[in-house]
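Have a look at entry29.pdb below; it lists PDB, C-alpha atoms.
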```pdb
MODEL        1
ATOM      1  CA  MET A   1      19.173   1.067  11.658
ATOM      2  CA  LEU A   2      19.268   4.057   9.302
ATOM      3  CA  PRO A   3      19.044   7.660  10.531
ATOM      4  CA  VAL A   4      15.561   8.772  11.576
ATOM      5  CA  VAL A   5      13.808  10.676   8.797
ATOM      6  CA  SER A   6      11.423  13.527   9.610
ATOM      7  CA  PHE A   7       8.640  14.316   7.217
ATOM      8  CA  SER A   8       5.109  15.673   7.035
ATOM      9  CA  VAL A   9       2.105  15.254   4.751
ATOM     10  CA  THR A  10       0.154  18.322   3.664
ATOM     11  CA  ARG A  11      -3.512  18.523   2.720
ATOM     12  CA  GLU A  12      -2.380  18.971  -0.886
ATOM     13  CA  ASP A  13      -0.268  15.798  -0.677
ATOM     14  CA  SER A  14      -3.276  13.934   0.640
ATOM     15  CA  LEU A  15      -5.683  15.296  -1.976
ATOM     16  CA  ARG A  16      -3.208  14.460  -4.737
ATOM     17  CA  TYR A  17      -3.015  10.889  -3.445
ATOM     18  CA  LEU A  18      -6.798  10.533  -3.215
ATOM     19  CA  ALA A  19      -7.285  11.999  -6.693
ATOM     20  CA  ALA A  20      -4.735   9.537  -8.064
ATOM     21  CA  THR A  21      -6.310   6.490  -6.418
ATOM     22  CA  GLY A  22      -9.909   7.561  -7.004
ATOM     23  CA  GLU A  23     -10.875   7.511  -3.328
ATOM     24  CA  ASP A  24     -13.373  10.089  -2.043
ATOM     25  CA  ASP A  25     -11.663  12.748   0.078
ATOM     26  CA  ALA A  26     -14.818  13.205   2.175
ATOM     27  CA  HIS A  27     -13.745  10.275   4.359
ATOM     28  CA  TRP A  28     -10.627  12.062   5.568
ATOM     29  CA  PRO A  29     -11.411  15.625   6.679
ATOM     30  CA  GLY A  30      -8.224  16.993   8.185
ATOM     31  CA  LEU A  31      -6.591  13.567   8.410
ATOM     32  CA  ILE A  32      -4.055  11.713   6.307
ATOM     33  CA  PRO A  33      -5.599   8.602   4.718
ATOM     34  CA  PRO A  34      -3.762   5.600   6.128
ATOM     35  CA  LEU A  35      -2.501   4.205   2.849
ATOM     36  CA  ALA A  36      -1.465   7.674   1.687
ATOM     37  CA  LEU A  37       0.679   7.707   4.783
ATOM     38  CA  GLY A  38       1.934   4.226   3.937
ATOM     39  CA  SER A  39       2.760   5.215   0.355
ATOM     40  CA  LEU A  40       4.639   8.321   1.418
ATOM     41  CA  VAL A  41       6.499   6.342   4.068
ATOM     42  CA  LEU A  42       7.669   4.042   1.280
ATOM     43  CA  ALA A  43       8.713   7.078  -0.755
ATOM     44  CA  ALA A  44      10.767   8.296   2.204
ATOM     45  CA  LEU A  45      12.264   4.831   2.460
ATOM     46  CA  GLN A  46      13.308   4.933  -1.196
ATOM     47  CA  GLU A  47      14.959   8.297  -0.665
ATOM     48  CA  GLU A  48      17.019   6.840   2.162
ATOM     49  CA  MET A  49      17.658   3.500   0.475
ATOM     50  CA  PRO A  50      17.662   4.006  -3.298
ATOM     51  CA  LEU A  51      16.686   0.732  -4.934
ATOM     52  CA  PRO A  52      18.500  -0.758  -7.911
ATOM     53  CA  GLU A  53      16.766  -0.929 -11.277
ATOM     54  CA  GLY A  54      14.534  -3.971 -11.658
ATOM     55  CA  VAL A  55      13.500  -4.202  -8.024
ATOM     56  CA  PHE A  56       9.813  -4.785  -7.365
ATOM     57  CA  HIS A  57       7.612  -4.791  -4.278
ATOM     58  CA  SER A  58       6.530  -8.318  -3.378
ATOM     59  CA  SER A  59       4.765  -8.011  -0.029
ATOM     60  CA  GLN A  60       3.676  -5.391   2.436
ATOM     61  CA  GLU A  61       2.400  -5.229   5.977
ATOM     62  CA  PHE A  62       1.043  -2.154   7.737
ATOM     63  CA  ASP A  63      -0.459  -1.591  11.158
ATOM     64  CA  PHE A  64      -2.262   1.741  11.387
ATOM     65  CA  LEU A  65      -2.497   2.727  15.030
ATOM     66  CA  GLU A  66      -3.617   6.343  14.995
ATOM     67  CA  ALA A  67      -4.916   8.796  12.423
ATOM     68  CA  VAL A  68      -2.545  11.724  11.915
ATOM     69  CA  PRO A  69      -3.633  15.300  11.057
ATOM     70  CA  PHE A  70      -2.281  17.118   8.001
ATOM     71  CA  ASN A  71       1.020  18.982   8.377
ATOM     72  CA  SER A  72       2.104  16.924  11.384
ATOM     73  CA  THR A  73       5.824  16.257  11.599
ATOM     74  CA  MET A  74       6.504  12.555  11.961
ATOM     75  CA  ASP A  75       9.701  10.607  12.500
ATOM     76  CA  LEU A  76      10.356   7.485  10.476
ATOM     77  CA  SER A  77      12.778   4.794  11.604
ATOM     78  CA  ILE A  78      13.921   2.248   9.047
ATOM     79  CA  ALA A  79      15.790  -0.983   9.640
ATOM     80  CA  VAL A  80      16.816  -3.761   7.279
ATOM     81  CA  GLU A  81      15.345  -6.833   8.964
ATOM     82  CA  ARG A  82      16.213  -9.575   6.561
ATOM     83  CA  ARG A  83      18.213 -10.093   3.417
ATOM     84  CA  ALA A  84      18.317 -13.449   1.686
ATOM     85  CA  GLU A  85      19.368 -14.794  -1.682
ATOM     86  CA  ARG A  86      17.814 -17.815  -3.356
ATOM     87  CA  ALA A  87      18.829 -18.933  -6.833
ATOM     88  CA  GLY A  88      20.170 -15.503  -7.662
ATOM     89  CA  THR A  89      17.067 -13.648  -6.488
ATOM     90  CA  VAL A  90      17.644 -11.244  -3.616
ATOM     91  CA  TYR A  91      14.860 -10.691  -1.063
ATOM     92  CA  THR A  92      15.109  -7.748   1.326
ATOM     93  CA  THR A  93      12.658  -6.982   4.136
ATOM     94  CA  VAL A  94      12.676  -3.547   5.708
ATOM     95  CA  GLY A  95      10.947  -2.626   8.953
ATOM     96  CA  LEU A  96       9.263   0.764   9.312
ATOM     97  CA  ASP A  97       8.229   2.579  12.462
ATOM     98  CA  LEU A  98       6.492   5.948  12.226
ATOM     99  CA  ARG A  99       6.142   8.148  15.304
ATOM    100  CA  TYR A 100       4.121  11.294  15.918
ATOM    101  CA  GLU A 101       4.357  13.194  19.190
ATOM    102  CA  ASP A 102       6.233  10.293  20.803
ATOM    103  CA  ARG A 103       3.573   7.754  19.847
ATOM    104  CA  THR A 104       3.919   5.067  17.218
ATOM    105  CA  VAL A 105       1.192   5.728  14.653
ATOM    106  CA  CYS A 106       2.129   3.223  11.952
ATOM    107  CA  THR A 107       4.427   0.249  11.631
ATOM    108  CA  GLY A 108       5.167  -1.881   8.631
ATOM    109  CA  HIS A 109       7.332  -4.382   6.845
ATOM    110  CA  ALA A 110       8.079  -4.079   3.141
ATOM    111  CA  THR A 111       9.690  -6.860   1.142
ATOM    112  CA  VAL A 112      11.293  -6.086  -2.190
ATOM    113  CA  VAL A 113      12.742  -8.518  -4.680
ATOM    114  CA  LEU A 114      15.636  -8.119  -7.075
ATOM    115  CA  PRO A 115      15.333 -10.898  -9.643
ATOM    116  CA  PRO A 116      18.217 -12.306 -11.636
ATOM    117  CA  ALA A 117      18.515 -10.246 -14.810
ATOM    118  CA  ARG A 118      15.662 -10.953 -17.235
ATOM    119  CA  VAL A 119      14.459 -14.102 -15.469
ATOM    120  CA  LEU A 120      10.986 -12.633 -15.271
ATOM    121  CA  ALA A 121      11.019 -10.882 -18.628
ATOM    122  CA  GLY A 122       7.766 -11.650 -20.401
ATOM    123  CA  ALA A 123       5.950 -12.747 -17.238
ATOM    124  CA  SER A 124       2.257 -11.926 -17.339
TER
ATOM    125  CA  MET B   1     -19.868   3.262   6.508
ATOM    126  CA  ASN B   2     -21.529  -0.094   7.307
ATOM    127  CA  LEU B   3     -20.841  -0.437  11.034
ATOM    128  CA  VAL B   4     -23.710  -2.030  12.961
ATOM    129  CA  LEU B   5     -23.243  -2.143  16.706
ATOM    130  CA  GLY B   6     -21.624  -5.396  17.748
ATOM    131  CA  GLU B   7     -21.263  -6.922  14.299
ATOM    132  CA  PRO B   8     -18.356  -6.984  11.864
ATOM    133  CA  PRO B   9     -19.363  -5.134   8.707
ATOM    134  CA  GLY B  10     -19.745  -6.750   5.332
ATOM    135  CA  ILE B  11     -17.465  -5.296   2.684
ATOM    136  CA  PRO B  12     -18.954  -4.970  -0.809
ATOM    137  CA  PRO B  13     -16.693  -5.599  -3.811
ATOM    138  CA  LEU B  14     -14.991  -2.497  -5.154
ATOM    139  CA  THR B  15     -14.057  -2.236  -8.837
ATOM    140  CA  ARG B  16     -11.909   0.344 -10.564
ATOM    141  CA  LEU B  17     -10.225   0.787 -13.921
ATOM    142  CA  ILE B  18      -6.503   1.405 -13.589
ATOM    143  CA  ASP B  19      -5.178   3.004 -16.753
ATOM    144  CA  GLN B  20      -1.840   4.579 -17.609
ATOM    145  CA  ALA B  21      -3.093   8.083 -16.794
ATOM    146  CA  MET B  22      -4.012   6.909 -13.300
ATOM    147  CA  VAL B  23      -0.615   5.232 -12.915
ATOM    148  CA  ASP B  24       1.083   8.476 -13.981
ATOM    149  CA  ARG B  25      -0.935  10.481 -11.438
ATOM    150  CA  TYR B  26      -0.093   7.977  -8.733
ATOM    151  CA  ALA B  27       3.626   8.156  -9.567
ATOM    152  CA  ILE B  28       3.529  11.887  -8.832
ATOM    153  CA  ALA B  29       1.303  11.630  -5.773
ATOM    154  CA  ALA B  30       3.319   8.835  -4.180
ATOM    155  CA  HIS B  31       6.705  10.227  -5.213
ATOM    156  CA  ASP B  32       7.450   6.971  -7.018
ATOM    157  CA  PRO B  33       8.939   7.759 -10.437
ATOM    158  CA  ASN B  34      10.215   4.222 -11.073
ATOM    159  CA  PRO B  35      10.334   3.922 -14.892
ATOM    160  CA  ILE B  36       8.914   0.362 -14.817
ATOM    161  CA  HIS B  37       5.531   2.080 -14.286
ATOM    162  CA  ARG B  38       5.487   3.978 -17.586
ATOM    163  CA  PRO B  39       6.199   3.136 -21.218
ATOM    164  CA  SER B  40       9.976   3.364 -21.109
ATOM    165  CA  PRO B  41      12.992   1.341 -22.186
ATOM    166  CA  GLU B  42      13.460   0.361 -18.529
ATOM    167  CA  ALA B  43       9.919  -1.046 -18.354
ATOM    168  CA  TYR B  44      10.306  -3.123 -21.508
ATOM    169  CA  ALA B  45      13.703  -4.402 -20.373
ATOM    170  CA  GLY B  46      12.544  -4.843 -16.790
ATOM    171  CA  PRO B  47      11.267  -7.753 -14.759
ATOM    172  CA  PHE B  48       7.795  -7.799 -16.340
ATOM    173  CA  GLY B  49       8.737  -6.919 -19.917
ATOM    174  CA  ARG B  50       6.223  -4.067 -20.052
ATOM    175  CA  PRO B  51       4.951  -1.168 -17.901
ATOM    176  CA  VAL B  52       2.980  -2.239 -14.831
ATOM    177  CA  ALA B  53       0.904  -0.349 -12.287
ATOM    178  CA  HIS B  54       2.334   0.317  -8.855
ATOM    179  CA  GLY B  55       1.459  -2.486  -6.458
ATOM    180  CA  MET B  56       0.475   0.139  -3.906
ATOM    181  CA  LEU B  57      -2.047   1.563  -6.377
ATOM    182  CA  VAL B  58      -3.748  -1.840  -6.555
ATOM    183  CA  LEU B  59      -3.563  -2.089  -2.765
ATOM    184  CA  ALA B  60      -5.331   1.278  -2.537
ATOM    185  CA  LEU B  61      -8.574  -0.502  -3.452
ATOM    186  CA  VAL B  62      -8.274  -2.631  -0.314
ATOM    187  CA  SER B  63      -7.710   0.439   1.834
ATOM    188  CA  GLU B  64     -10.666   2.216   0.235
ATOM    189  CA  ALA B  65     -12.943  -0.799   0.779
ATOM    190  CA  MET B  66     -11.885  -0.937   4.431
ATOM    191  CA  THR B  67     -12.467   2.819   4.763
ATOM    192  CA  LEU B  68     -15.974   2.473   3.392
ATOM    193  CA  ALA B  69     -16.712  -0.280   5.925
ATOM    194  CA  PHE B  70     -14.888   1.008   9.014
ATOM    195  CA  GLY B  71     -14.437   4.753   8.581
ATOM    196  CA  LEU B  72     -11.986   6.292  11.030
ATOM    197  CA  ARG B  73     -11.514   2.924  12.766
ATOM    198  CA  TRP B  74      -9.534   1.860   9.705
ATOM    199  CA  ALA B  75      -6.985   4.608  10.409
ATOM    200  CA  ASN B  76      -6.888   3.884  14.135
ATOM    201  CA  SER B  77      -6.858   0.087  14.194
ATOM    202  CA  GLY B  78      -6.333  -1.203  10.662
ATOM    203  CA  SER B  79      -3.835  -3.819   9.584
ATOM    204  CA  LEU B  80      -2.825  -5.078   6.171
ATOM    205  CA  LYS B  81      -0.738  -8.061   5.237
ATOM    206  CA  VAL B  82      -0.598  -8.699   1.499
ATOM    207  CA  ARG B  83       1.505 -10.282  -1.184
ATOM    208  CA  TRP B  84       1.456  -9.272  -4.831
ATOM    209  CA  ARG B  85       0.901 -12.325  -7.013
ATOM    210  CA  SER B  86       1.021 -10.951 -10.540
ATOM    211  CA  PRO B  87       1.589  -7.579 -12.169
ATOM    212  CA  ALA B  88      -1.296  -5.269 -13.078
ATOM    213  CA  VAL B  89      -0.737  -4.199 -16.683
ATOM    214  CA  PRO B  90      -2.770  -1.066 -17.502
ATOM    215  CA  PRO B  91      -5.420  -0.625 -18.667
ATOM    216  CA  ILE B  92      -6.880  -3.178 -16.289
ATOM    217  CA  THR B  93     -10.148  -3.403 -14.393
ATOM    218  CA  VAL B  94      -9.430  -4.493 -10.837
ATOM    219  CA  THR B  95     -11.955  -5.787  -8.332
ATOM    220  CA  CYS B  96     -11.222  -5.966  -4.624
ATOM    221  CA  ARG B  97     -13.152  -8.576  -2.640
ATOM    222  CA  ALA B  98     -13.080  -9.082   1.122
ATOM    223  CA  THR B  99     -14.467 -12.147   2.910
ATOM    224  CA  LEU B 100     -14.892 -12.214   6.666
ATOM    225  CA  LYS B 101     -12.431 -14.739   8.071
ATOM    226  CA  SER B 102     -12.897 -14.232  11.809
ATOM    227  CA  ALA B 103     -14.418 -11.863  14.331
ATOM    228  CA  HIS B 104     -13.105 -12.147  17.862
ATOM    229  CA  GLU B 105     -13.085  -9.676  20.739
ATOM    230  CA  GLY B 106     -14.050  -6.809  18.468
ATOM    231  CA  LEU B 107     -11.459  -7.447  15.785
ATOM    232  CA  ALA B 108     -12.686  -8.416  12.324
ATOM    233  CA  VAL B 109     -10.235 -10.146   9.997
ATOM    234  CA  TYR B 110     -10.942 -10.466   6.263
ATOM    235  CA  ASP B 111      -9.320 -12.419   3.492
ATOM    236  CA  VAL B 112      -8.760  -9.879   0.741
ATOM    237  CA  VAL B 113      -8.022 -10.351  -2.919
ATOM    238  CA  CYS B 114      -7.657  -8.043  -5.903
ATOM    239  CA  GLU B 115      -8.215  -9.680  -9.242
ATOM    240  CA  ASP B 116      -8.665  -8.874 -12.902
ATOM    241  CA  PRO B 117     -11.874  -9.678 -14.840
ATOM    242  CA  THR B 118     -10.612 -13.182 -15.646
ATOM    243  CA  GLY B 119     -10.097 -13.975 -11.968
ATOM    244  CA  ASN B 120      -6.323 -13.690 -12.158
ATOM    245  CA  VAL B 121      -5.139 -12.760  -8.669
ATOM    246  CA  LEU B 122      -3.070  -9.576  -8.514
ATOM    247  CA  LEU B 123      -2.695  -9.528  -4.746
ATOM    248  CA  ASP B 124      -4.069 -11.395  -1.773
ATOM    249  CA  GLY B 125      -3.728 -11.397   1.976
ATOM    250  CA  THR B 126      -5.603 -10.200   5.033
ATOM    251  CA  ALA B 127      -6.977  -6.923   6.300
ATOM    252  CA  SER B 128      -8.348  -6.318   9.759
ATOM    253  CA  ALA B 129      -9.837  -3.564  11.887
ATOM    254  CA  ARG B 130     -11.685  -3.190  15.161
ATOM    255  CA  PHE B 131     -15.465  -2.999  14.974
ATOM    256  CA  LEU B 132     -15.944  -2.566  18.754
TER
ENDMDL
END
```
Show me this structure written as structure tokens.
Amino acid sequence: MLPVVSFSVTREDSLRYLAATGEDDAHWPGLIPPLALGSLVLAALQEEMPLPEGVFHSSQEFDFLEAVPFNSTMDLSIAVERRAERAGTVYTTVGLDLRYEDRTVCTGHATVVLPPARVLAGAS
Amino acid sequence: MNLVLGEPPGIPPLTRLIDQAMVDRYAIAAHDPNPIHRPSPEAYAGPFGRPVAHGMLVLALVSEAMTLAFGLRWANSGSLKVRWRSPAVPPITVTCRATLKSAHEGLAVYDVVCEDPTGNVLLDGTASARFL
């Protein structure tokens, strides 16, 4: 388990995310869109666990349990759940648990893959 | 929002063009500056041999489709479980489709897929939310 990371998402963060994805901000007055939260959780994860060059995201799970207002301070716990190597490819699954006011508001599992150098070069 | 009392909502297909400008905006918004997402030596030497869109940017279509169908319930009861199948090379038109898989005790589960215009699957998996 890595140290707990505290972070918050502002209205500007949220609007920037929605503008980038093309989603209408009218659906989320005062609240952080769930996948904006998920994306920024992954950014916090990368700050805590910098990934080597060539890594890509292969699968993702999220459970969104409660909408969170802008500017709320949340605590993110991160744990490496699984690490496996097959034929030179390294698979790592990280568990995420996001808490707000002592309640879990989002959980997730992210799996990233580090391929053997250049094995996938030219893949479509 | 499509919620009808007691019934799981249908989810219309959602299509969006993902171009490099959108990828660049997403990189800033999501604090993900990985050079494999922009024309860079790292992208051309990287696992896909060219710049690719963020997987989470493709996944955003699924979240938006679920938002349109479930509204706030998506944020309070939504689940996603997806796997990326092939890279999205911008510019690319992506369509998200969701097919109702089950509806039991107020929980609707959909098979979801994002694909390019040729039907090539970029990601697939399930998404669910409570409709009761």
Identify every residue of chain B that has at least one atom within 6 Å of any atom of chain A, counting all atoms listed in the file, and report the result as a PyMOL selection string.
chain B and resi 22+25-26+29-31+46-49+75-84
The PyMOL selection byres ((chain B and resi 85) around 9) on the file shown: which residues, as a PyMOL selection string?
(chain A and resi 58) or (chain B and resi 83-84+86-87+120-124)
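Remark: for Glu64 in chain B, the closest of the candidate residues B:Ser102, B:Ser40, B:Gln20, B:Thr15 is B:Thr15 (distances computed over only C-alpha atoms).
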Counting all atoms listed in the file, what is within 7 Å of range 80-82 of chain A, bar same-chain residues fewer than 3 positions away, as a PyMOL selection string?
chain A and resi 1+92-95
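For the atom pair formed by CA of Gly106 in chain B and CA of Leu14 in chain B, the distance is 24.0 Å, given to one decimal.
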Can you tell me which residues surround Met74 in chain A at a distance of at most 10 Å, considering all atoms listed in the file, apart from same-chain residues fewer than 5 positions away, and format the answer as a list in words?
Val4, Val5, Ser6, Phe7, Ser8, Val9, Val68, Leu98, Arg99, Tyr100, Glu101, Asp102, Arg103, Thr104 and Val105 of chain A
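Using only C-alpha atoms, the smallest distance between any of A:Thr73, A:Leu45, A:Pro52, A:Pro3 and Ile36 in chain B comes from A:Pro52.
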Residues matched by the PyMOL selection byres ((chain B and resi 90) around 8) as a list in words:
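Here the PyMOL selection byres ((chain B and resi 90) around 8) matches Ile18, Asp19, Gln20, Pro51, Val52, Ala53, Ala88, Val89, Pro91 and Ile92 of chain B.
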Hey, can you spit out that residue selection with C-alpha atoms as a PDB file, in the frame of the given file?
```pdb
ATOM      1  CA  ILE B  18      -6.503   1.405 -13.589  1.00  0.00           C
ATOM      2  CA  ASP B  19      -5.178   3.004 -16.753  1.00  0.00           C
ATOM      3  CA  GLN B  20      -1.840   4.579 -17.609  1.00  0.00           C
ATOM      4  CA  PRO B  51       4.951  -1.168 -17.901  1.00  0.00           C
ATOM      5  CA  VAL B  52       2.980  -2.239 -14.831  1.00  0.00           C
ATOM      6  CA  ALA B  53       0.904  -0.349 -12.287  1.00  0.00           C
ATOM      7  CA  ALA B  88      -1.296  -5.269 -13.078  1.00  0.00           C
ATOM      8  CA  VAL B  89      -0.737  -4.199 -16.683  1.00  0.00           C
ATOM      9  CA  PRO B  91      -5.420  -0.625 -18.667  1.00  0.00           C
ATOM     10  CA  ILE B  92      -6.880  -3.178 -16.289  1.00  0.00           C
TER      11      ILE B  92
END
```
Determine, counting only C-alpha atoms, which protein, DNA and RNA residues have an atom within 10 Å of an atom of Ala108 in chain B; residues of the same chain fewer than 6 positions away are not included. Present the result as a ChimeraX atom specification.
/B:7-9,78,100-102,127-132
Using only C-alpha atoms, which of the listed residues (B:Arg73, B:Thr93, B:Val23, B:Gly119) sits closest to Leu107 in chain B?
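Once distances to Leu107 in chain B are computed over only C-alpha atoms, the minimum belongs to B:Arg73.
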With distances taken over all atoms listed in the file, which residue among B:Val62, B:Leu68, B:Val112, B:Ala45 lies nearest Arg16 in chain B?
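Going through B:Val62, B:Leu68, B:Val112, B:Ala45 one by one, the smallest distance to Arg16 in chain B is for B:Val62.
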Pairwise distance for CA of Pro29 in chain A and CA of Val58 in chain B, rounded to one decimal in Å
23.2 Å
